[in-house]
Number of protein chains: 2
Amino acid sequence: MPFQLTDESLSFFIEKCKRNKLKITPQRIVIYKELLKSTDHPHAEALHKRIKKIIPGISLDTVNRTLLTFAKIGIVKNVEGYGEPRRYDPKIEKHHHFRCIECNAIIDFEYKPYDDIIVPGDIQNRYFILNRKVLLEGYCDKCGKKR
Amino acid sequence: MPFQLTDESLSFFIEKCKRNKLKITPQRIVIYKELLKSTDHPHAEALHKRIKKIIPGISLDTVNRTLLTFAKIGIVKNVEGYGEPRRYDPKIEKHHHFRCIECNAIIDFEYKPYDDIIVPGDIQNRYFILNRKVLLEGYCDKCGKKR
DNA sequence: CTACTATATAGGAGTTAATCTTAATTGTCA
DNA sequence: TGACAATTAAGATTAACTCCTATATAGTAG
Ligand SMILES: [Mn+2]
Ligand SMILES: [Mn+2]
Ligand SMILES: [Zn+2]
Ligand SMILES: [Zn+2]
């Protein structure tokens, strides 16, 4: 079946935009709809390519700007990964990270129970798992105080 | 106390380089030493700045290339984060990701036990935790088959 | 110790994805 | 229906990495 933006998703979108005083533009609607039907966690350029089939003249800048806006009001999320600038770690023993969402500090911690955290059966069966990492996010002590 | 590269770390480094047929150059030694004493998970440019105080003429390219090499032979690690290109997720409900280290595919899964995973006490006390994510990494079904 | 060769380096050009700038356009609301 | 603030397109700029190539050097064989 072809994808269909449900009334609920659309009204959720409009609701959220209004609450944040964002104008409902055709560009925003199409960007939201297009991301909503993506299951591959695309980046802006990939999405831009798809969206140009619907609004040929849309600019890459608009897609980038709009996705940032959407993330800010919480209707889309950023995905953790290994993009640039790449950050390096000299600590090769098993450990985990806390990351401050304000200053982007990444702080090591060790916690044995995380190291061999149980993997759901269906994931275990379909994929070949090499690493298990827990990523905790929030405010570091410095940034937490300032608020 | 000032940082001191222990004999063990140095012989570990030399051992690993030799096993991988990498020449022991002054640049490589200094890059390794400098990353080893960093606890902030630096990116290449930051490290380059620090290293220029020791080898003023060293090029950024060498730092980048060398860090990649080190990661390949497993003496340093890449850190997960939110660098560019940023990837977006329309799914805002709590969920977790499997990531293929070969093709970089990111695949959703839901697993309740991960959602409220217990946070170590000292982390809980020092930082204000907002999110807890589990990141599983390995080979996806496609890339696993090819090997 | 010296010479040889494959590997590594410096420096600059090229690339990618994002961000900024500016002028034109368009939702929203009075 | 207008006025105006918000949004957009297009192109310039930037940040960080990657490629290119001539030069330098670590490892090693003699
Ligand atoms: Mn670490
Ligand atoms: Mn997801
Ligand atoms: Zn912080
Ligand atoms: Zn894969």
# chains A, B, ... in the order shown; residues from 1 in each chain; ligands from 1
call {"tool": "residues_around", "arguments": {"residues": "Asp116 (chain A)", "least_positions_apart": "3", "cutoff": "8 Å", "atoms": "only C-alpha atoms (C1' of nucleotides)", "output": "VMD selection string"}}
result
chain A and resid 112 to 113 132
call {"tool": "closest_atom_pairs", "arguments": {"of": "chain A", "to": "ligand 3", "cutoff": "7 Å", "atoms": "only C-alpha atoms and all ligand atoms", "output": "Markdown table"}}
result
| residue | atom | partner | partner_atom_place_in_ligand_line | distance |
| --- | --- | --- | --- | --- |
| A:Cys100 | CA | ligand 3 | 1 (Zn) | 4.6 |
| A:Ile101 | CA | ligand 3 | 1 (Zn) | 6.6 |
| A:Glu102 | CA | ligand 3 | 1 (Zn) | 4.9 |
| A:Cys103 | CA | ligand 3 | 1 (Zn) | 4.0 |
| A:Asn104 | CA | ligand 3 | 1 (Zn) | 6.1 |
| A:Ala105 | CA | ligand 3 | 1 (Zn) | 5.7 |
| A:Tyr139 | CA | ligand 3 | 1 (Zn) | 5.5 |
| A:Cys140 | CA | ligand 3 | 1 (Zn) | 4.3 |
| A:Asp141 | CA | ligand 3 | 1 (Zn) | 6.7 |
| A:Lys142 | CA | ligand 3 | 1 (Zn) | 5.6 |
| A:Cys143 | CA | ligand 3 | 1 (Zn) | 4.3 |
call {"tool": "write_last_selection", "arguments": {"atoms": "all heavy atoms", "output": "PDB file, in the first residue's frame"}}
result
ATOM      1  N   CYS A 100      26.963  15.594  27.058  1.00  0.00           N
ATOM      2  CA  CYS A 100      26.202  16.787  27.427  1.00  0.00           C
ATOM      3  C   CYS A 100      25.566  17.375  26.169  1.00  0.00           C
ATOM      4  O   CYS A 100      26.257  17.664  25.194  1.00  0.00           O
ATOM      5  CB  CYS A 100      27.099  17.827  28.086  1.00  0.00           C
ATOM      6  SG  CYS A 100      26.222  19.365  28.440  1.00  0.00           S
ATOM      7  N   ILE A 101      24.245  17.544  26.195  1.00  0.00           N
ATOM      8  CA  ILE A 101      23.546  18.041  25.008  1.00  0.00           C
ATOM      9  C   ILE A 101      23.741  19.544  24.831  1.00  0.00           C
ATOM     10  O   ILE A 101      23.342  20.103  23.815  1.00  0.00           O
ATOM     11  CB  ILE A 101      22.033  17.716  25.047  1.00  0.00           C
ATOM     12  CG1 ILE A 101      21.363  18.350  26.265  1.00  0.00           C
ATOM     13  CG2 ILE A 101      21.813  16.216  25.060  1.00  0.00           C
ATOM     14  CD1 ILE A 101      19.850  18.190  26.255  1.00  0.00           C
ATOM     15  N   GLU A 102      24.376  20.183  25.831  1.00  0.00           N
ATOM     16  CA  GLU A 102      24.617  21.622  25.725  1.00  0.00           C
ATOM     17  C   GLU A 102      26.026  21.893  25.169  1.00  0.00           C
ATOM     18  O   GLU A 102      26.180  22.517  24.138  1.00  0.00           O
ATOM     19  CB  GLU A 102      24.477  22.267  27.112  1.00  0.00           C
ATOM     20  CG  GLU A 102      24.757  23.756  27.141  1.00  0.00           C
ATOM     21  CD  GLU A 102      23.504  24.586  27.095  1.00  0.00           C
ATOM     22  OE1 GLU A 102      22.401  24.003  27.080  1.00  0.00           O
ATOM     23  OE2 GLU A 102      23.625  25.824  27.058  1.00  0.00           O
ATOM     24  N   CYS A 103      27.041  21.407  25.860  1.00  0.00           N
ATOM     25  CA  CYS A 103      28.416  21.749  25.476  1.00  0.00           C
ATOM     26  C   CYS A 103      29.084  20.617  24.700  1.00  0.00           C
ATOM     27  O   CYS A 103      30.221  20.745  24.254  1.00  0.00           O
ATOM     28  CB  CYS A 103      29.254  22.092  26.705  1.00  0.00           C
ATOM     29  SG  CYS A 103      29.623  20.697  27.775  1.00  0.00           S
ATOM     30  N   ASN A 104      28.356  19.508  24.533  1.00  0.00           N
ATOM     31  CA  ASN A 104      28.835  18.405  23.705  1.00  0.00           C
ATOM     32  C   ASN A 104      30.044  17.677  24.318  1.00  0.00           C
ATOM     33  O   ASN A 104      30.732  16.938  23.631  1.00  0.00           O
ATOM     34  CB  ASN A 104      29.179  18.906  22.308  1.00  0.00           C
ATOM     35  CG  ASN A 104      28.844  17.882  21.243  1.00  0.00           C
ATOM     36  OD1 ASN A 104      28.025  16.992  21.459  1.00  0.00           O
ATOM     37  ND2 ASN A 104      29.493  17.989  20.108  1.00  0.00           N
ATOM     38  N   ALA A 105      30.290  17.894  25.598  1.00  0.00           N
ATOM     39  CA  ALA A 105      31.347  17.144  26.285  1.00  0.00           C
ATOM     40  C   ALA A 105      30.980  15.671  26.293  1.00  0.00           C
ATOM     41  O   ALA A 105      29.805  15.317  26.414  1.00  0.00           O
ATOM     42  CB  ALA A 105      31.505  17.642  27.712  1.00  0.00           C
ATOM     43  N   TYR A 139      22.536  17.000  30.824  1.00  0.00           N
ATOM     44  CA  TYR A 139      23.379  18.165  31.090  1.00  0.00           C
ATOM     45  C   TYR A 139      24.527  17.778  32.002  1.00  0.00           C
ATOM     46  O   TYR A 139      24.319  17.103  33.011  1.00  0.00           O
ATOM     47  CB  TYR A 139      22.564  19.289  31.727  1.00  0.00           C
ATOM     48  CG  TYR A 139      21.580  19.896  30.767  1.00  0.00           C
ATOM     49  CD1 TYR A 139      20.232  19.544  30.782  1.00  0.00           C
ATOM     50  CD2 TYR A 139      22.014  20.804  29.805  1.00  0.00           C
ATOM     51  CE1 TYR A 139      19.330  20.082  29.884  1.00  0.00           C
ATOM     52  CE2 TYR A 139      21.122  21.354  28.898  1.00  0.00           C
ATOM     53  CZ  TYR A 139      19.782  20.991  28.937  1.00  0.00           C
ATOM     54  OH  TYR A 139      18.901  21.528  28.044  1.00  0.00           O
ATOM     55  N   CYS A 140      25.742  18.211  31.647  1.00  0.00           N
ATOM     56  CA  CYS A 140      26.893  17.981  32.513  1.00  0.00           C
ATOM     57  C   CYS A 140      26.785  18.908  33.720  1.00  0.00           C
ATOM     58  O   CYS A 140      25.917  19.774  33.765  1.00  0.00           O
ATOM     59  CB  CYS A 140      28.197  18.200  31.755  1.00  0.00           C
ATOM     60  SG  CYS A 140      28.648  19.910  31.495  1.00  0.00           S
ATOM     61  N   ASP A 141      27.670  18.712  34.690  1.00  0.00           N
ATOM     62  CA  ASP A 141      27.576  19.511  35.914  1.00  0.00           C
ATOM     63  C   ASP A 141      27.686  21.005  35.627  1.00  0.00           C
ATOM     64  O   ASP A 141      26.950  21.818  36.154  1.00  0.00           O
ATOM     65  CB  ASP A 141      28.614  19.058  36.952  1.00  0.00           C
ATOM     66  CG  ASP A 141      29.938  18.632  36.314  1.00  0.00           C
ATOM     67  OD1 ASP A 141      30.063  18.713  35.071  1.00  0.00           O
ATOM     68  OD2 ASP A 141      30.848  18.233  37.055  1.00  0.00           O
ATOM     69  N   LYS A 142      28.615  21.352  34.724  1.00  0.00           N
ATOM     70  CA  LYS A 142      28.797  22.764  34.370  1.00  0.00           C
ATOM     71  C   LYS A 142      27.528  23.350  33.753  1.00  0.00           C
ATOM     72  O   LYS A 142      27.033  24.379  34.180  1.00  0.00           O
ATOM     73  CB  LYS A 142      29.933  22.909  33.352  1.00  0.00           C
ATOM     74  CG  LYS A 142      31.207  23.501  33.947  1.00  0.00           C
ATOM     75  CD  LYS A 142      32.225  23.750  32.838  1.00  0.00           C
ATOM     76  CE  LYS A 142      33.591  23.266  33.280  1.00  0.00           C
ATOM     77  NZ  LYS A 142      34.574  23.216  32.198  1.00  0.00           N
ATOM     78  N   CYS A 143      27.028  22.703  32.715  1.00  0.00           N
ATOM     79  CA  CYS A 143      25.876  23.237  31.981  1.00  0.00           C
ATOM     80  C   CYS A 143      24.600  23.131  32.807  1.00  0.00           C
ATOM     81  O   CYS A 143      23.691  23.941  32.649  1.00  0.00           O
ATOM     82  CB  CYS A 143      25.720  22.516  30.650  1.00  0.00           C
ATOM     83  SG  CYS A 143      27.143  22.763  29.583  1.00  0.00           S
TER      84      CYS A 143
END
call {"tool": "closest_residue", "arguments": {"among": "B:Ser9, B:Pro26, B:Glu34, B:Glu45", "to": "DA15 (chain D)", "atoms": "only C-alpha atoms (C1' of nucleotides)"}}
result
B:Glu45
call {"tool": "closest_residue", "arguments": {"among": "B:Lys91, B:Lys16, B:Lys23, B:Lys49", "to": "ligand 2", "atoms": "only C-alpha atoms and all ligand atoms"}}
result
B:Lys91
call {"tool": "residues_near_ligand", "arguments": {"ligand": "ligand 1", "cutoff": "10 Å", "atoms": "only C-alpha atoms (C1' of nucleotides) and all ligand atoms", "output": "PyMOL selection string"}}
result
(chain A and resi 87-98+106-110) or (chain B and resi 38-41+76-80)
call {"tool": "residues_around", "arguments": {"residues": "Arg28 (chain B)", "least_positions_apart": "2", "cutoff": "9 Å", "atoms": "only C-alpha atoms (C1' of nucleotides)", "output": "PyMOL selection string"}}
result
chain B and resi 23-26+30-33+62-63+66-67
call {"tool": "closest_residue", "arguments": {"among": "A:Cys17, A:Ile29, A:Leu36, A:Val119", "to": "chain B", "atoms": "only C-alpha atoms"}}
result
A:Leu36
call {"tool": "select_by_dssp", "arguments": {"residues": "chain A", "states": "alpha helix (DSSP H)", "output": "PDB file with N, CA and C atoms, in the first residue's frame"}}
result
ATOM      1  N   ASP A   7      -4.580  11.673   8.925  1.00  0.00           N
ATOM      2  CA  ASP A   7      -5.089  12.931   9.464  1.00  0.00           C
ATOM      3  C   ASP A   7      -4.435  13.252  10.797  1.00  0.00           C
ATOM      4  N   GLU A   8      -4.210  12.191  11.587  1.00  0.00           N
ATOM      5  CA  GLU A   8      -3.607  12.424  12.906  1.00  0.00           C
ATOM      6  C   GLU A   8      -2.212  13.028  12.782  1.00  0.00           C
ATOM      7  N   SER A   9      -1.364  12.429  11.921  1.00  0.00           N
ATOM      8  CA  SER A   9      -0.002  12.957  11.794  1.00  0.00           C
ATOM      9  C   SER A   9      -0.054  14.396  11.324  1.00  0.00           C
ATOM     10  N   LEU A  10      -0.960  14.672  10.375  1.00  0.00           N
ATOM     11  CA  LEU A  10      -1.040  16.021   9.824  1.00  0.00           C
ATOM     12  C   LEU A  10      -1.492  17.016  10.883  1.00  0.00           C
ATOM     13  N   SER A  11      -2.491  16.634  11.644  1.00  0.00           N
ATOM     14  CA  SER A  11      -2.959  17.581  12.656  1.00  0.00           C
ATOM     15  C   SER A  11      -1.945  17.705  13.790  1.00  0.00           C
ATOM     16  N   PHE A  12      -1.243  16.641  14.077  1.00  0.00           N
ATOM     17  CA  PHE A  12      -0.143  16.704  15.053  1.00  0.00           C
ATOM     18  C   PHE A  12       0.892  17.720  14.585  1.00  0.00           C
ATOM     19  N   PHE A  13       1.232  17.629  13.295  1.00  0.00           N
ATOM     20  CA  PHE A  13       2.217  18.527  12.704  1.00  0.00           C
ATOM     21  C   PHE A  13       1.757  19.979  12.777  1.00  0.00           C
ATOM     22  N   ILE A  14       0.515  20.212  12.345  1.00  0.00           N
ATOM     23  CA  ILE A  14      -0.021  21.576  12.326  1.00  0.00           C
ATOM     24  C   ILE A  14      -0.116  22.135  13.743  1.00  0.00           C
ATOM     25  N   GLU A  15      -0.585  21.296  14.619  1.00  0.00           N
ATOM     26  CA  GLU A  15      -0.663  21.645  16.053  1.00  0.00           C
ATOM     27  C   GLU A  15       0.689  22.115  16.591  1.00  0.00           C
ATOM     28  N   LYS A  16       1.695  21.282  16.329  1.00  0.00           N
ATOM     29  CA  LYS A  16       3.040  21.577  16.833  1.00  0.00           C
ATOM     30  C   LYS A  16       3.598  22.868  16.237  1.00  0.00           C
ATOM     31  N   CYS A  17       3.385  23.043  14.941  1.00  0.00           N
ATOM     32  CA  CYS A  17       3.855  24.266  14.286  1.00  0.00           C
ATOM     33  C   CYS A  17       3.180  25.484  14.901  1.00  0.00           C
ATOM     34  N   LYS A  18       1.872  25.401  15.049  1.00  0.00           N
ATOM     35  CA  LYS A  18       1.132  26.544  15.601  1.00  0.00           C
ATOM     36  C   LYS A  18       1.611  26.869  17.001  1.00  0.00           C
ATOM     37  N   ARG A  19       1.741  25.838  17.812  1.00  0.00           N
ATOM     38  CA  ARG A  19       2.174  26.053  19.190  1.00  0.00           C
ATOM     39  C   ARG A  19       3.532  26.754  19.225  1.00  0.00           C
ATOM     40  N   PRO A  26       4.093  25.111   2.256  1.00  0.00           N
ATOM     41  CA  PRO A  26       4.096  23.867   1.464  1.00  0.00           C
ATOM     42  C   PRO A  26       5.413  23.122   1.635  1.00  0.00           C
ATOM     43  N   GLN A  27       6.519  23.866   1.668  1.00  0.00           N
ATOM     44  CA  GLN A  27       7.828  23.221   1.847  1.00  0.00           C
ATOM     45  C   GLN A  27       7.858  22.420   3.138  1.00  0.00           C
ATOM     46  N   ARG A  28       7.407  23.037   4.206  1.00  0.00           N
ATOM     47  CA  ARG A  28       7.456  22.338   5.499  1.00  0.00           C
ATOM     48  C   ARG A  28       6.580  21.095   5.496  1.00  0.00           C
ATOM     49  N   ILE A  29       5.422  21.198   4.901  1.00  0.00           N
ATOM     50  CA  ILE A  29       4.528  20.040   4.874  1.00  0.00           C
ATOM     51  C   ILE A  29       5.181  18.885   4.110  1.00  0.00           C
ATOM     52  N   VAL A  30       5.751  19.213   2.965  1.00  0.00           N
ATOM     53  CA  VAL A  30       6.332  18.149   2.147  1.00  0.00           C
ATOM     54  C   VAL A  30       7.559  17.547   2.813  1.00  0.00           C
ATOM     55  N   ILE A  31       8.386  18.387   3.423  1.00  0.00           N
ATOM     56  CA  ILE A  31       9.569  17.865   4.115  1.00  0.00           C
ATOM     57  C   ILE A  31       9.140  16.931   5.251  1.00  0.00           C
ATOM     58  N   TYR A  32       8.133  17.356   5.985  1.00  0.00           N
ATOM     59  CA  TYR A  32       7.681  16.511   7.094  1.00  0.00           C
ATOM     60  C   TYR A  32       7.128  15.190   6.580  1.00  0.00           C
ATOM     61  N   LYS A  33       6.277  15.269   5.557  1.00  0.00           N
ATOM     62  CA  LYS A  33       5.682  14.048   5.005  1.00  0.00           C
ATOM     63  C   LYS A  33       6.751  13.104   4.484  1.00  0.00           C
ATOM     64  N   GLU A  34       7.736  13.682   3.825  1.00  0.00           N
ATOM     65  CA  GLU A  34       8.769  12.848   3.209  1.00  0.00           C
ATOM     66  C   GLU A  34       9.640  12.171   4.267  1.00  0.00           C
ATOM     67  N   LEU A  35       9.984  12.912   5.303  1.00  0.00           N
ATOM     68  CA  LEU A  35      10.786  12.281   6.361  1.00  0.00           C
ATOM     69  C   LEU A  35       9.955  11.230   7.083  1.00  0.00           C
ATOM     70  N   LEU A  36       8.667  11.530   7.245  1.00  0.00           N
ATOM     71  CA  LEU A  36       7.801  10.625   8.000  1.00  0.00           C
ATOM     72  C   LEU A  36       7.716   9.254   7.350  1.00  0.00           C
ATOM     73  N   ALA A  44      20.132  15.349   5.130  1.00  0.00           N
ATOM     74  CA  ALA A  44      19.402  16.395   4.422  1.00  0.00           C
ATOM     75  C   ALA A  44      19.499  16.262   2.899  1.00  0.00           C
ATOM     76  N   GLU A  45      20.700  15.950   2.415  1.00  0.00           N
ATOM     77  CA  GLU A  45      20.854  15.895   0.962  1.00  0.00           C
ATOM     78  C   GLU A  45      20.024  14.775   0.342  1.00  0.00           C
ATOM     79  N   ALA A  46      19.990  13.638   0.992  1.00  0.00           N
ATOM     80  CA  ALA A  46      19.195  12.524   0.489  1.00  0.00           C
ATOM     81  C   ALA A  46      17.720  12.907   0.436  1.00  0.00           C
ATOM     82  N   LEU A  47      17.268  13.536   1.504  1.00  0.00           N
ATOM     83  CA  LEU A  47      15.877  13.953   1.584  1.00  0.00           C
ATOM     84  C   LEU A  47      15.582  15.016   0.525  1.00  0.00           C
ATOM     85  N   HIS A  48      16.521  15.927   0.349  1.00  0.00           N
ATOM     86  CA  HIS A  48      16.372  16.972  -0.650  1.00  0.00           C
ATOM     87  C   HIS A  48      16.143  16.364  -2.037  1.00  0.00           C
ATOM     88  N   LYS A  49      16.927  15.355  -2.360  1.00  0.00           N
ATOM     89  CA  LYS A  49      16.799  14.674  -3.639  1.00  0.00           C
ATOM     90  C   LYS A  49      15.381  14.121  -3.820  1.00  0.00           C
ATOM     91  N   ARG A  50      14.863  13.485  -2.762  1.00  0.00           N
ATOM     92  CA  ARG A  50      13.516  12.902  -2.840  1.00  0.00           C
ATOM     93  C   ARG A  50      12.463  13.981  -2.977  1.00  0.00           C
ATOM     94  N   ILE A  51      12.646  15.058  -2.263  1.00  0.00           N
ATOM     95  CA  ILE A  51      11.629  16.103  -2.210  1.00  0.00           C
ATOM     96  C   ILE A  51      11.574  16.898  -3.516  1.00  0.00           C
ATOM     97  N   LYS A  52      12.710  16.983  -4.198  1.00  0.00           N
ATOM     98  CA  LYS A  52      12.734  17.732  -5.461  1.00  0.00           C
ATOM     99  C   LYS A  52      11.790  17.133  -6.496  1.00  0.00           C
ATOM    100  N   LEU A  60      18.277  23.266  -1.114  1.00  0.00           N
ATOM    101  CA  LEU A  60      18.887  22.439  -0.080  1.00  0.00           C
ATOM    102  C   LEU A  60      18.888  23.168   1.249  1.00  0.00           C
ATOM    103  N   ASP A  61      19.116  24.473   1.172  1.00  0.00           N
ATOM    104  CA  ASP A  61      19.146  25.271   2.393  1.00  0.00           C
ATOM    105  C   ASP A  61      17.833  25.165   3.154  1.00  0.00           C
ATOM    106  N   THR A  62      16.747  25.191   2.436  1.00  0.00           N
ATOM    107  CA  THR A  62      15.446  25.096   3.086  1.00  0.00           C
ATOM    108  C   THR A  62      15.282  23.750   3.780  1.00  0.00           C
ATOM    109  N   VAL A  63      15.733  22.702   3.128  1.00  0.00           N
ATOM    110  CA  VAL A  63      15.624  21.377   3.747  1.00  0.00           C
ATOM    111  C   VAL A  63      16.459  21.334   5.020  1.00  0.00           C
ATOM    112  N   ASN A  64      17.688  21.806   4.938  1.00  0.00           N
ATOM    113  CA  ASN A  64      18.548  21.831   6.121  1.00  0.00           C
ATOM    114  C   ASN A  64      17.940  22.661   7.254  1.00  0.00           C
ATOM    115  N   ARG A  65      17.553  23.855   6.915  1.00  0.00           N
ATOM    116  CA  ARG A  65      17.005  24.775   7.912  1.00  0.00           C
ATOM    117  C   ARG A  65      15.756  24.192   8.561  1.00  0.00           C
ATOM    118  N   THR A  66      14.906  23.626   7.703  1.00  0.00           N
ATOM    119  CA  THR A  66      13.639  23.105   8.187  1.00  0.00           C
ATOM    120  C   THR A  66      13.834  21.902   9.108  1.00  0.00           C
ATOM    121  N   LEU A  67      14.776  21.035   8.733  1.00  0.00           N
ATOM    122  CA  LEU A  67      15.023  19.876   9.593  1.00  0.00           C
ATOM    123  C   LEU A  67      15.539  20.319  10.959  1.00  0.00           C
ATOM    124  N   LEU A  68      16.410  21.326  10.961  1.00  0.00           N
ATOM    125  CA  LEU A  68      16.888  21.855  12.243  1.00  0.00           C
ATOM    126  C   LEU A  68      15.726  22.396  13.070  1.00  0.00           C
ATOM    127  N   THR A  69      14.856  23.135  12.396  1.00  0.00           N
ATOM    128  CA  THR A  69      13.680  23.681  13.078  1.00  0.00           C
ATOM    129  C   THR A  69      12.809  22.567  13.653  1.00  0.00           C
ATOM    130  N   PHE A  70      12.572  21.556  12.842  1.00  0.00           N
ATOM    131  CA  PHE A  70      11.748  20.433  13.297  1.00  0.00           C
ATOM    132  C   PHE A  70      12.382  19.750  14.514  1.00  0.00           C
ATOM    133  N   ALA A  71      13.703  19.611  14.476  1.00  0.00           N
ATOM    134  CA  ALA A  71      14.384  18.975  15.611  1.00  0.00           C
ATOM    135  C   ALA A  71      14.224  19.841  16.854  1.00  0.00           C
ATOM    136  N   LYS A  72      14.284  21.155  16.639  1.00  0.00           N
ATOM    137  CA  LYS A  72      14.184  22.061  17.781  1.00  0.00           C
ATOM    138  C   LYS A  72      12.815  21.963  18.460  1.00  0.00           C
ATOM    139  N   ILE A  73      11.762  21.844  17.660  1.00  0.00           N
ATOM    140  CA  ILE A  73      10.438  21.748  18.281  1.00  0.00           C
ATOM    141  C   ILE A  73      10.079  20.300  18.609  1.00  0.00           C
ATOM    142  N   LYS A 112      30.032  -2.284  34.503  1.00  0.00           N
ATOM    143  CA  LYS A 112      30.018  -3.675  34.034  1.00  0.00           C
ATOM    144  C   LYS A 112      28.661  -4.151  33.507  1.00  0.00           C
ATOM    145  N   PRO A 113      27.566  -3.856  34.221  1.00  0.00           N
ATOM    146  CA  PRO A 113      26.287  -4.409  33.755  1.00  0.00           C
ATOM    147  C   PRO A 113      25.942  -4.012  32.318  1.00  0.00           C
ATOM    148  N   TYR A 114      26.475  -2.892  31.851  1.00  0.00           N
ATOM    149  CA  TYR A 114      26.190  -2.488  30.471  1.00  0.00           C
ATOM    150  C   TYR A 114      26.977  -3.308  29.443  1.00  0.00           C
ATOM    151  N   ASP A 115      28.122  -3.819  29.857  1.00  0.00           N
ATOM    152  CA  ASP A 115      29.042  -4.403  28.884  1.00  0.00           C
ATOM    153  C   ASP A 115      28.440  -5.580  28.115  1.00  0.00           C
ATOM    154  N   GLY A 121      16.167 -11.082  20.996  1.00  0.00           N
ATOM    155  CA  GLY A 121      16.336 -12.273  20.161  1.00  0.00           C
ATOM    156  C   GLY A 121      16.266 -12.020  18.671  1.00  0.00           C
ATOM    157  N   ASP A 122      15.298 -11.222  18.229  1.00  0.00           N
ATOM    158  CA  ASP A 122      15.140 -11.023  16.785  1.00  0.00           C
ATOM    159  C   ASP A 122      16.318 -10.262  16.199  1.00  0.00           C
ATOM    160  N   ILE A 123      16.894  -9.340  16.971  1.00  0.00           N
ATOM    161  CA  ILE A 123      18.072  -8.600  16.520  1.00  0.00           C
ATOM    162  C   ILE A 123      19.276  -9.549  16.488  1.00  0.00           C
ATOM    163  N   GLN A 124      19.432 -10.285  17.537  1.00  0.00           N
ATOM    164  CA  GLN A 124      20.496 -11.282  17.654  1.00  0.00           C
ATOM    165  C   GLN A 124      20.485 -12.235  16.446  1.00  0.00           C
ATOM    166  N   ASN A 125      19.275 -12.621  16.036  1.00  0.00           N
ATOM    167  CA  ASN A 125      19.150 -13.592  14.938  1.00  0.00           C
ATOM    168  C   ASN A 125      19.429 -12.978  13.579  1.00  0.00           C
ATOM    169  N   ARG A 126      18.995 -11.735  13.393  1.00  0.00           N
ATOM    170  CA  ARG A 126      19.115 -11.136  12.063  1.00  0.00           C
ATOM    171  C   ARG A 126      20.497 -10.527  11.816  1.00  0.00           C
ATOM    172  N   ASP A 141      27.670  18.712  34.690  1.00  0.00           N
ATOM    173  CA  ASP A 141      27.576  19.511  35.914  1.00  0.00           C
ATOM    174  C   ASP A 141      27.686  21.005  35.627  1.00  0.00           C
ATOM    175  N   LYS A 142      28.615  21.352  34.724  1.00  0.00           N
ATOM    176  CA  LYS A 142      28.797  22.764  34.370  1.00  0.00           C
ATOM    177  C   LYS A 142      27.528  23.350  33.753  1.00  0.00           C
ATOM    178  N   CYS A 143      27.028  22.703  32.715  1.00  0.00           N
ATOM    179  CA  CYS A 143      25.876  23.237  31.981  1.00  0.00           C
ATOM    180  C   CYS A 143      24.600  23.131  32.807  1.00  0.00           C
ATOM    181  N   GLY A 144      24.547  22.136  33.667  1.00  0.00           N
ATOM    182  CA  GLY A 144      23.368  21.977  34.509  1.00  0.00           C
ATOM    183  C   GLY A 144      23.196  23.152  35.455  1.00  0.00           C
ATOM    184  N   LYS A 145      24.316  23.661  35.973  1.00  0.00           N
ATOM    185  CA  LYS A 145      24.269  24.751  36.934  1.00  0.00           C
ATOM    186  C   LYS A 145      23.719  26.036  36.334  1.00  0.00           C
TER     187      LYS A 145
END
call {"tool": "interface_residues", "arguments": {"of": "chain D", "to": "chain B", "cutoff": "10 Å", "atoms": "only C-alpha atoms (C1' of nucleotides)", "output": "VMD selection string"}}
result
chain D and resid 16 to 18 25 to 27
call {"tool": "interface_residues", "arguments": {"of": "chain C", "to": "chain B", "cutoff": "7 Å", "atoms": "only C-alpha atoms (C1' of nucleotides)", "output": "ChimeraX atom specification"}}
result
/C:9-10,17
call {"tool": "write_last_selection", "arguments": {"atoms": "C-alpha atoms (C1' of nucleotides)", "output": "PDB file, in the first residue's frame"}}
result
ATOM      1  C1'  DT C   9      54.923  13.381   5.004  1.00  0.00           C
ATOM      2  C1'  DA C  10      53.912  18.463   3.833  1.00  0.00           C
ATOM      3  C1'  DA C  17      27.607  19.123   3.736  1.00  0.00           C
TER       4       DA C  17
END
